[in-house]
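What follows is final.txt (compact mmCIF, C-alpha atoms).
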# COMPACT_ATOMS: atom_id res chain seq x y z
CA MET A 78 213.31 122.22 156.75
CA ASN A 79 210.33 123.83 158.53
CA ASP A 80 211.41 127.24 157.23
CA ILE A 81 211.56 125.87 153.68
CA LEU A 82 208.09 124.34 154.00
CA ILE A 83 206.73 127.68 155.25
CA ILE A 84 208.09 129.34 152.08
CA VAL A 85 206.67 126.52 149.94
CA ARG A 86 203.19 126.93 151.46
CA LYS A 87 203.40 130.71 151.07
CA GLU A 88 204.40 130.52 147.39
CA LEU A 89 201.88 127.80 146.52
CA ARG A 90 199.12 129.78 148.23
CA GLU A 91 199.98 132.87 146.18
CA MET A 92 200.28 130.85 142.96
CA PHE A 93 196.95 129.10 143.36
CA ARG A 94 195.22 132.39 144.16
CA ASP A 95 196.16 133.65 140.70
CA LYS A 96 193.48 132.68 138.17
CA ARG A 97 195.96 133.12 135.33
CA VAL A 98 198.35 130.62 136.91
CA ARG A 99 195.60 128.08 137.58
CA PHE A 100 194.39 128.32 134.01
CA ASN A 101 197.79 128.27 132.27
CA ALA A 102 199.31 125.54 134.44
CA PHE A 103 196.40 123.15 134.93
CA VAL A 104 193.37 123.91 132.75
CA MET A 105 195.23 124.79 129.55
CA PRO A 106 197.15 121.47 129.25
CA ILE A 107 193.95 119.44 129.68
CA PHE A 108 192.04 121.66 127.27
CA LEU A 109 194.79 121.58 124.63
CA ILE A 110 195.22 117.81 124.83
CA ILE A 111 191.49 117.18 124.40
CA LEU A 112 191.34 119.73 121.58
CA MET A 113 194.33 118.22 119.78
CA VAL A 114 192.96 114.69 120.17
CA GLN A 115 189.72 115.78 118.54
CA LEU A 116 191.55 117.74 115.84
CA PHE A 117 193.94 114.95 114.90
CA GLY A 118 191.16 112.39 115.19
CA PHE A 119 189.00 114.46 112.86
CA VAL A 120 191.85 114.75 110.34
CA MET A 121 192.48 110.99 110.48
CA SER A 122 188.76 110.28 110.07
CA ALA A 123 188.63 112.67 107.12
CA ALA A 124 191.62 110.91 105.54
CA VAL A 125 189.87 107.55 105.90
CA GLY A 126 186.66 109.09 104.59
CA GLY A 127 188.56 110.48 101.59
CA THR A 128 189.29 106.95 100.39
CA LYS A 129 185.52 106.31 100.57
CA ALA A 130 184.61 109.47 98.68
CA THR A 131 182.01 110.10 95.98
CA VAL A 132 183.05 109.44 92.38
CA TYR A 133 181.21 111.14 89.52
CA LEU A 134 180.74 109.08 86.33
CA VAL A 135 179.94 110.55 82.93
CA ALA A 136 178.74 107.19 81.64
CA SER A 137 178.18 104.19 83.88
CA SER A 138 179.47 100.76 82.99
CA GLY A 139 178.66 97.49 84.68
CA ALA A 140 182.27 96.43 85.28
CA LEU A 141 183.51 99.87 86.33
CA THR A 142 180.50 100.59 88.54
CA GLU A 143 180.81 97.20 90.24
CA ALA A 144 184.55 97.72 90.90
CA ILE A 145 183.94 101.17 92.39
CA GLN A 146 181.12 99.97 94.61
CA LYS A 147 183.18 97.03 95.86
CA GLY A 148 185.85 99.54 96.88
CA GLY A 149 183.30 101.27 99.13
CA LEU A 150 183.08 104.46 97.04
CA THR A 151 179.79 106.23 96.29
CA ILE A 152 178.78 106.78 92.67
CA LYS A 153 176.97 109.75 91.14
CA THR A 154 176.44 110.59 87.49
CA VAL A 155 177.17 113.78 85.57
CA PRO A 156 176.00 114.56 81.98
CA THR A 157 179.33 115.50 80.41
CA ILE A 158 182.98 115.68 81.36
CA GLU A 159 182.80 119.46 81.04
CA GLU A 160 180.08 119.57 83.69
CA GLY A 161 182.21 117.35 85.88
CA VAL A 162 185.23 119.66 85.51
CA LYS A 163 183.05 122.60 86.51
CA LEU A 164 182.00 120.72 89.65
CA ILE A 165 185.68 120.16 90.53
CA GLN A 166 186.47 123.83 89.94
CA ALA A 167 183.53 124.77 92.19
CA GLU A 168 184.86 122.29 94.79
CA LYS A 169 181.59 120.33 94.63
CA ALA A 170 183.26 117.19 93.27
CA LYS A 171 186.57 115.55 94.09
CA LEU A 172 186.89 113.02 91.27
CA VAL A 173 185.21 112.71 87.86
CA LEU A 174 185.64 109.74 85.52
CA ALA A 175 185.29 110.04 81.73
CA PRO A 176 183.65 107.25 79.67
CA MET A 177 185.71 104.09 79.25
CA GLU A 178 187.84 103.84 76.08
CA PRO A 179 188.71 100.31 74.88
CA THR A 180 192.12 99.93 73.22
CA THR A 181 193.35 97.52 70.57
CA ASP A 182 195.25 95.45 73.13
CA GLY A 183 192.07 94.71 75.05
CA GLN A 184 192.78 97.17 77.84
CA VAL A 185 190.11 99.64 78.94
CA ARG A 186 191.28 103.12 79.85
CA VAL A 187 189.40 105.60 82.02
CA GLU A 188 190.48 109.23 82.44
CA ALA A 189 190.16 110.51 86.01
CA TYR A 190 189.85 114.28 86.52
CA TYR A 191 190.79 115.80 89.88
CA ASP A 192 192.43 118.85 91.43
CA PRO A 193 195.99 117.89 92.50
CA LYS A 194 196.04 120.81 94.99
CA GLN A 195 192.98 119.45 96.77
CA GLN A 196 193.93 116.85 99.39
CA MET A 197 190.53 115.18 99.36
CA GLY A 198 190.82 114.82 95.59
CA ASN A 199 194.14 113.01 95.99
CA LEU A 200 192.64 110.77 98.66
CA ALA A 201 189.64 109.99 96.42
CA LEU A 202 191.99 109.10 93.57
CA SER A 203 193.97 106.83 95.88
CA GLY A 204 190.76 105.11 97.01
CA LEU A 205 189.72 104.59 93.37
CA GLN A 206 193.13 103.17 92.47
CA GLN A 207 192.86 100.67 95.33
CA ALA A 208 189.38 99.65 94.20
CA LEU A 209 190.46 99.17 90.58
CA ALA A 210 193.60 97.28 91.64
CA ALA A 211 191.41 94.84 93.54
CA ALA A 212 189.08 94.50 90.51
CA ASN A 213 192.05 93.97 88.16
CA LYS A 214 193.47 91.28 90.44
CA GLU A 215 190.10 89.53 90.61
CA ASN A 216 189.80 89.67 86.82
CA LEU A 217 193.33 88.29 86.41
CA PHE A 218 192.64 85.37 88.73
CA GLN A 219 189.44 84.58 86.81
CA THR A 220 191.36 84.59 83.50
CA LEU A 221 194.00 82.25 84.93
CA LYS A 222 191.29 79.97 86.25
CA ASP A 223 189.61 79.83 82.82
CA LYS A 224 192.94 78.76 81.29
CA ASN A 225 193.61 76.22 84.06
CA ILE A 226 196.62 78.19 85.29
CA PRO A 227 197.14 78.36 89.08
CA GLU A 228 196.53 81.74 90.68
CA SER A 229 200.03 81.68 92.17
CA ALA A 230 201.37 82.31 88.66
CA ALA A 231 200.12 85.90 88.95
CA GLU A 232 202.37 86.48 91.95
CA HIS A 233 205.79 85.03 91.31
CA ILE A 234 207.03 86.56 94.57
CA LYS A 235 204.42 86.85 97.32
CA LEU A 236 205.24 89.01 100.33
CA ILE A 237 203.74 87.85 103.63
CA PRO A 238 204.03 90.49 106.40
CA LYS A 239 204.66 89.10 109.88
CA GLU A 240 204.32 91.44 112.86
CA VAL A 241 206.96 91.10 115.55
CA LYS A 242 205.93 92.09 119.07
CA VAL A 243 208.62 94.22 120.71
CA GLY A 244 208.09 95.24 124.32
CA GLU A 245 204.72 95.73 125.97
CA LYS A 246 201.59 96.88 124.20
CA GLY A 247 202.14 100.50 123.19
CA ALA A 248 200.08 103.54 122.34
CA GLY A 249 198.92 104.64 118.90
CA ALA A 250 201.28 106.44 116.53
CA MET A 251 199.65 109.86 116.98
CA ILE A 252 199.73 109.61 120.78
CA VAL A 253 203.40 108.59 120.66
CA ALA A 254 204.18 111.61 118.47
CA LEU A 255 202.06 114.09 120.44
CA LEU A 256 202.24 113.23 124.14
CA PRO A 257 206.03 113.41 124.82
CA TYR A 258 206.17 116.86 123.21
CA MET A 259 203.22 118.15 125.22
CA ILE A 260 204.46 116.70 128.53
CA VAL A 261 207.89 118.32 128.16
CA LEU A 262 206.47 121.59 126.85
CA PHE A 263 204.04 122.08 129.74
CA ALA A 264 206.68 121.06 132.30
CA PHE A 265 208.38 124.32 131.31
CA SER A 266 205.53 126.61 130.23
CA GLY A 267 203.43 125.70 133.29
CA GLY A 268 206.09 127.23 135.53
CA MET A 269 207.06 130.00 133.12
CA SER A 270 203.64 131.62 133.52
CA MET A 271 204.47 132.51 137.14
CA ALA A 272 208.29 132.56 137.21
CA ALA A 273 208.51 136.22 136.21
CA ASP A 274 206.64 137.24 139.38
CA LEU A 275 208.37 134.82 141.73
CA VAL A 276 211.42 136.99 142.56
CA SER A 277 211.60 139.82 140.02
CA GLY A 278 207.92 140.52 140.66
CA GLU A 279 208.63 140.92 144.37
CA LYS A 280 211.48 143.28 143.51
CA ASP A 281 209.13 145.35 141.40
CA LYS A 282 206.46 145.47 144.13
CA ASN A 283 209.02 146.10 146.90
CA THR A 284 207.85 143.04 148.86
CA LEU A 285 211.15 141.15 148.66
CA GLU A 286 212.66 143.21 151.48
CA THR A 287 209.85 142.13 153.81
CA LEU A 288 210.62 138.50 153.04
CA LEU A 289 214.37 138.98 153.54
CA ILE A 290 214.04 140.45 157.05
CA THR A 291 212.10 137.42 158.30
CA PRO A 292 214.05 134.91 160.44
CA VAL A 293 214.47 132.61 157.44
CA GLY A 294 217.80 132.17 155.65
CA ARG A 295 218.17 133.13 152.02
CA ASN A 296 219.01 129.56 151.08
CA GLN A 297 215.75 128.39 152.66
CA ILE A 298 213.82 131.11 150.83
CA VAL A 299 215.15 130.21 147.40
CA LEU A 300 214.77 126.46 148.04
CA GLY A 301 211.18 127.03 149.19
CA LYS A 302 210.40 128.99 146.04
CA PHE A 303 212.14 126.30 143.99
CA LEU A 304 210.08 123.46 145.50
CA ALA A 305 206.84 125.39 145.03
CA LEU A 306 207.64 126.15 141.40
CA ALA A 307 208.81 122.59 140.71
CA SER A 308 205.53 121.27 142.13
CA VAL A 309 203.53 123.46 139.77
CA CYS A 310 205.72 122.49 136.80
CA PHE A 311 205.21 118.80 137.56
CA LEU A 312 201.44 119.13 138.07
CA SER A 313 201.13 121.16 134.87
CA SER A 314 202.95 118.42 132.98
CA ALA A 315 200.85 115.72 134.63
CA SER A 316 197.73 117.59 133.47
CA CYS A 317 198.59 116.45 129.93
CA LEU A 318 198.15 112.83 131.00
CA VAL A 319 194.89 113.77 132.74
CA GLY A 320 193.67 115.38 129.52
CA MET A 321 194.62 112.29 127.51
CA VAL A 322 192.81 110.01 129.97
CA LEU A 323 189.70 112.21 129.80
CA ALA A 324 189.81 112.24 126.00
CA SER A 325 190.00 108.43 125.89
CA THR A 326 187.31 107.76 128.52
CA LEU A 327 184.76 110.40 127.47
CA LYS A 328 184.62 109.00 123.89
CA LEU A 329 184.72 112.49 122.41
CA PRO A 330 184.27 112.99 118.63
CA GLY A 331 187.45 112.01 116.81
CA SER A 332 188.93 110.15 119.79
CA HIS A 333 188.18 106.74 118.26
CA GLU A 334 190.81 107.17 115.54
CA MET A 335 193.38 108.37 118.07
CA PHE A 336 192.83 105.52 120.53
CA LYS A 337 192.00 102.62 118.22
CA ASP A 338 195.40 101.06 119.08
CA GLY A 339 194.80 101.62 122.78
CA PHE A 340 195.87 104.25 125.28
CA GLY A 341 199.24 102.62 125.87
CA VAL A 342 200.12 104.15 129.25
CA THR A 343 200.85 101.01 131.26
CA PRO A 344 201.97 101.15 134.92
CA ILE A 345 205.58 100.65 133.78
CA ALA A 346 205.22 103.44 131.21
CA ALA A 347 203.69 105.78 133.82
CA ALA A 348 206.49 105.01 136.29
CA THR A 349 209.11 105.64 133.58
CA ILE A 350 207.50 108.96 132.61
CA ILE A 351 207.50 110.15 136.23
CA LEU A 352 211.09 108.96 136.76
CA VAL A 353 212.54 110.88 133.80
CA LEU A 354 210.25 113.86 134.33
CA LEU A 355 211.15 114.65 137.96
CA PRO A 356 214.79 115.70 137.37
CA LEU A 357 213.78 117.62 134.23
CA VAL A 358 211.15 119.50 136.24
CA ALA A 359 213.82 120.29 138.86
CA PHE A 360 216.09 121.59 136.10
CA PHE A 361 213.36 123.76 134.59
CA ALA A 362 212.32 125.16 137.98
CA SER A 363 215.94 125.97 138.85
CA VAL A 364 216.49 127.81 135.58
CA LEU A 365 213.25 129.75 136.03
CA ILE A 366 214.20 130.75 139.59
CA ALA A 367 217.68 131.85 138.44
CA ILE A 368 216.25 134.02 135.65
CA SER A 369 213.64 135.54 137.95
CA SER A 370 216.32 136.32 140.57
CA TYR A 371 218.64 137.97 138.05
CA ALA A 372 216.03 140.08 136.24
CA LYS A 373 215.33 143.62 137.44
CA ASN A 374 211.58 143.35 136.92
CA PRO A 375 208.96 141.02 135.39
CA ARG A 376 209.30 142.64 131.95
CA GLU A 377 213.03 141.89 131.81
CA ALA A 378 212.36 138.38 133.11
CA GLN A 379 209.82 137.78 130.34
CA THR A 380 212.45 138.72 127.75
CA TYR A 381 214.91 136.16 129.13
CA LEU A 382 212.19 133.54 129.49
CA ALA A 383 211.14 133.94 125.85
CA ILE A 384 214.69 133.11 124.75
CA VAL A 385 214.92 130.08 127.05
CA ASN A 386 211.46 128.94 125.95
CA PHE A 387 212.68 128.83 122.34
CA ILE A 388 215.69 126.74 123.40
CA VAL A 389 213.37 124.29 125.18
CA ILE A 390 210.88 124.08 122.31
CA MET A 391 213.44 123.09 119.64
CA PRO A 392 214.44 119.68 121.09
CA ALA A 393 210.84 119.10 122.20
CA VAL A 394 209.63 119.61 118.62
CA PHE A 395 212.34 117.30 117.27
CA SER A 396 211.04 114.58 119.58
CA GLN A 397 207.91 114.45 117.41
CA VAL A 398 209.85 113.30 114.34
CA ILE A 399 212.70 111.36 115.95
CA GLY A 400 210.81 108.16 115.15
CA LEU A 401 211.46 108.82 111.44
CA THR A 402 215.21 108.52 112.08
CA ASP A 403 217.54 106.03 113.77
CA LEU A 404 218.60 108.60 116.36
CA GLY A 405 216.06 107.42 118.90
CA ASN A 406 218.09 104.23 119.43
CA LYS A 407 221.45 105.99 119.80
CA LEU A 408 222.80 106.00 123.35
CA TRP A 409 224.28 109.50 123.04
CA ILE A 410 220.84 111.00 122.45
CA ASN A 411 220.21 110.45 126.17
CA CYS A 412 222.85 113.08 126.92
CA VAL A 413 220.93 115.83 125.09
CA PRO A 414 218.87 117.82 127.62
CA VAL A 415 215.09 117.91 127.11
CA LEU A 416 215.29 115.66 124.03
CA ASN A 417 216.46 112.75 126.15
CA THR A 418 213.40 113.00 128.40
CA ALA A 419 210.98 113.27 125.47
CA ASN A 420 212.66 110.33 123.72
CA ASN A 421 212.40 108.12 126.82
CA ILE A 422 208.74 109.06 127.27
CA ARG A 423 208.21 108.08 123.63
CA ALA A 424 209.94 104.74 124.20
CA ALA A 425 207.83 104.11 127.32
CA LEU A 426 204.62 104.78 125.38
CA LEU A 427 205.79 102.31 122.72
CA GLY A 428 206.41 99.70 125.43
CA LYS A 429 210.16 99.72 124.72
CA THR A 430 211.62 101.14 127.92
CA ASP A 431 215.42 100.96 127.96
CA TRP A 432 216.52 101.22 131.59
CA LEU A 433 220.10 102.12 130.66
CA ALA A 434 218.82 105.04 128.60
CA VAL A 435 216.48 106.02 131.44
CA GLY A 436 219.39 105.96 133.89
CA ILE A 437 221.58 108.16 131.68
CA THR A 438 218.70 110.59 131.15
CA VAL A 439 217.94 110.86 134.86
CA LEU A 440 221.64 111.36 135.65
CA VAL A 441 222.10 114.09 133.02
CA SER A 442 218.94 115.94 134.06
CA ALA A 443 219.83 115.63 137.76
CA VAL A 444 223.34 117.02 137.20
CA LEU A 445 221.94 119.95 135.22
CA ALA A 446 219.31 120.54 137.90
CA GLY A 447 222.02 120.57 140.57
CA ILE A 448 224.10 123.09 138.65
CA ALA A 449 221.05 125.27 137.98
CA ILE A 450 219.83 125.27 141.60
CA ARG A 451 223.33 126.13 142.86
CA THR A 452 223.38 129.01 140.38
CA ALA A 453 219.96 130.18 141.57
CA VAL A 454 221.06 130.03 145.23
CA ALA A 455 224.28 131.92 144.42
CA LEU A 456 222.34 134.65 142.59
CA PHE A 457 219.84 134.96 145.43
CA ASN A 458 222.67 135.45 147.93
CA ARG A 459 224.30 138.27 145.93
CA GLU A 460 223.16 141.64 147.20
CA GLU A 461 223.87 143.40 143.90
CA VAL A 462 221.51 141.00 142.16
CA LEU A 463 218.63 141.32 144.60
CA VAL A 464 218.75 145.13 144.55
CA ARG A 465 218.74 145.34 140.74
CA VAL A 466 215.64 147.41 140.00

For the file at hand, write its structure as structure tokens.
Amino acid sequence: MNDILIIVRKELREMFRDKRVRFNAFVMPIFLIILMVQLFGFVMSAAVGGTKATVYLVASSGALTEAIQKGGLTIKTVPTIEEGVKLIQAEKAKLVLAPMEPTTDGQVRVEAYYDPKQQMGNLALSGLQQALAAANKENLFQTLKDKNIPESAAEHIKLIPKEVKVGEKGAGAMIVALLPYMIVLFAFSGGMSMAADLVSGEKDKNTLETLLITPVGRNQIVLGKFLALASVCFLSSASCLVGMVLASTLKLPGSHEMFKDGFGVTPIAAATIILVLLPLVAFFASVLIAISSYAKNPREAQTYLAIVNFIVIMPAVFSQVIGLTDLGNKLWINCVPVLNTANNIRAALLGKTDWLAVGITVLVSAVLAGIAIRTAVALFNREEVLVRV
């Protein structure tokens, strides 16, 4: 074990000396998480702001103006509808309302001009529709009251939503969609940034022979490299949580919308994330070591790693939308590598940890990690592989 620890210290020392490794494995995850929190928070704030947009009126009317103002929208006037259309075309206005037109049945119609390709225009229209729906409902209730008809007559079937608490308090929807993907992604990419140099790089620089003639067995060498790489993979993944904590505590612009439902990482959720992440990290590190051992040089290793990276990204990306399907609750999903870990992290963030699913996920990842590390050890002990240059 002492020989293995010597290799671990040697590899970690070399890894941490590399500025590129330090940035890609530790700084980049924190930076990206904070950046994405601000970006998504800004988009969510803009979406909310779109429903409180400015509405241009050609001719103001007491009832219409009052309804719009009650809906929280800002009102500006424009001389003619043609001028309003020009403002929309110049992207200076999102929504323009023509003068009201009474009809023979007592209804008042108002034409709303907007650009359907402009998202803010659609949001402004939605905000106006909500404001007018509230005004129409208020007017209907007043009419019923004047005729001594109970207000309940306007709603023959009234729907009353009742929230059901399932599990512990969870994180917000955007965090649940974003964090599992980022944790899994950086568990692999954090180690990938240095895997190409770990063995194939030493072949290319002719330093592997020096390591092989030391009084340390090949098994100890490869296990030492594996533990060092697994440590970096895990720390890189954990940096995502650090970035999320920083984003929530520093109160950065846009973070309010992201964390309005809370951070959601309870002690149980954190323990679950670590539990399912450790065997996945071991699997990733084993695969990276095997590829680096087989490749002739770092350039060939990068080619193989790009292919494997694509394979890892696909299930990680699917984890972002699995909540829109029923697959997240299927037991067999826990047998799908990578996706099972992301799905259990998602469940933990929602406060719905299923320990049977966690157990299956840990078992599957551990078995794969065992197979991968045995493969890496076997490759490292084959002379024809180590002398491939």

Which residues, written as a list in words, have at least one atom at most 7 Å from Ile107 (chain A), with all atoms listed in the file counted and residues fewer than 3 positions away on the same chain left out?
->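 Returned residues: Phe103, Val104, Ile110, Ile111, Ser316, Cys317, Val319 and Gly320 of chain A.
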
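Between Met92 (chain A) and the candidates A:Gly161, A:Gly294, A:Gly148, A:Gly268, the tightest atom-to-atom separation, counting all atoms listed in the file, involves A:Gly268.
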
For region 405-415 of chain A: contacts at 8 Å, all atoms listed in the file, fewer than 2 positions along chain excluded, given as a list in words =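 Listed by chain and then number, they are Val261, Leu357, Val389, Pro392, Ala393, Ile399, Gly400, Thr402, Asp403, Asn417, Thr418, Ala419, Asn420, Ala434, Val435, Ile437, Thr438, Val441 and Ser442 of chain A.
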
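Proximity to Asn458 (chain A) was assessed for A:Ala170, A:Ile388, A:Leu426, A:Val299 counting all atoms listed in the file; the smallest distance is recorded for A:Val299.
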
Leaving out Ile351 (chain A) and any residue of its chain fewer than 4 positions from it, which residues lie within 12 Å of it when counting only C-alpha atoms, given as a compact mmCIF listing (two decimals) with C-alpha atoms, keeping the file's coordinate frame?
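Written file, result20.txt:
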# COMPACT_ATOMS: atom_id res chain seq x y z
CA PRO A 257 206.03 113.41 124.82
CA ILE A 260 204.46 116.70 128.53
CA VAL A 261 207.89 118.32 128.16
CA ALA A 264 206.68 121.06 132.30
CA PHE A 311 205.21 118.80 137.56
CA LEU A 312 201.44 119.13 138.07
CA SER A 314 202.95 118.42 132.98
CA ALA A 315 200.85 115.72 134.63
CA LEU A 318 198.15 112.83 131.00
CA VAL A 342 200.12 104.15 129.25
CA PRO A 344 201.97 101.15 134.92
CA ILE A 345 205.58 100.65 133.78
CA ALA A 346 205.22 103.44 131.21
CA ALA A 347 203.69 105.78 133.82
CA LEU A 355 211.15 114.65 137.96
CA PRO A 356 214.79 115.70 137.37
CA LEU A 357 213.78 117.62 134.23
CA VAL A 358 211.15 119.50 136.24
CA THR A 418 213.40 113.00 128.40
CA ALA A 419 210.98 113.27 125.47
CA ASN A 421 212.40 108.12 126.82
CA ILE A 422 208.74 109.06 127.27
CA ALA A 425 207.83 104.11 127.32
CA VAL A 435 216.48 106.02 131.44
CA VAL A 439 217.94 110.86 134.86

Given only C-alpha atoms as the counted atoms, nearest of A:Met197, A:Leu255, A:Val187, A:Leu141 to Val114 (chain A) |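 Among the listed residues, the smallest separation from Val114 (chain A) belongs to A:Leu255.
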
Which one is closest to Ala378 (chain A): A:Ser363, A:Asp80, A:Asp431, A:Gly278? Count only C-alpha atoms.
->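 Closest to Ala378 (chain A), using only C-alpha atoms: A:Gly278.
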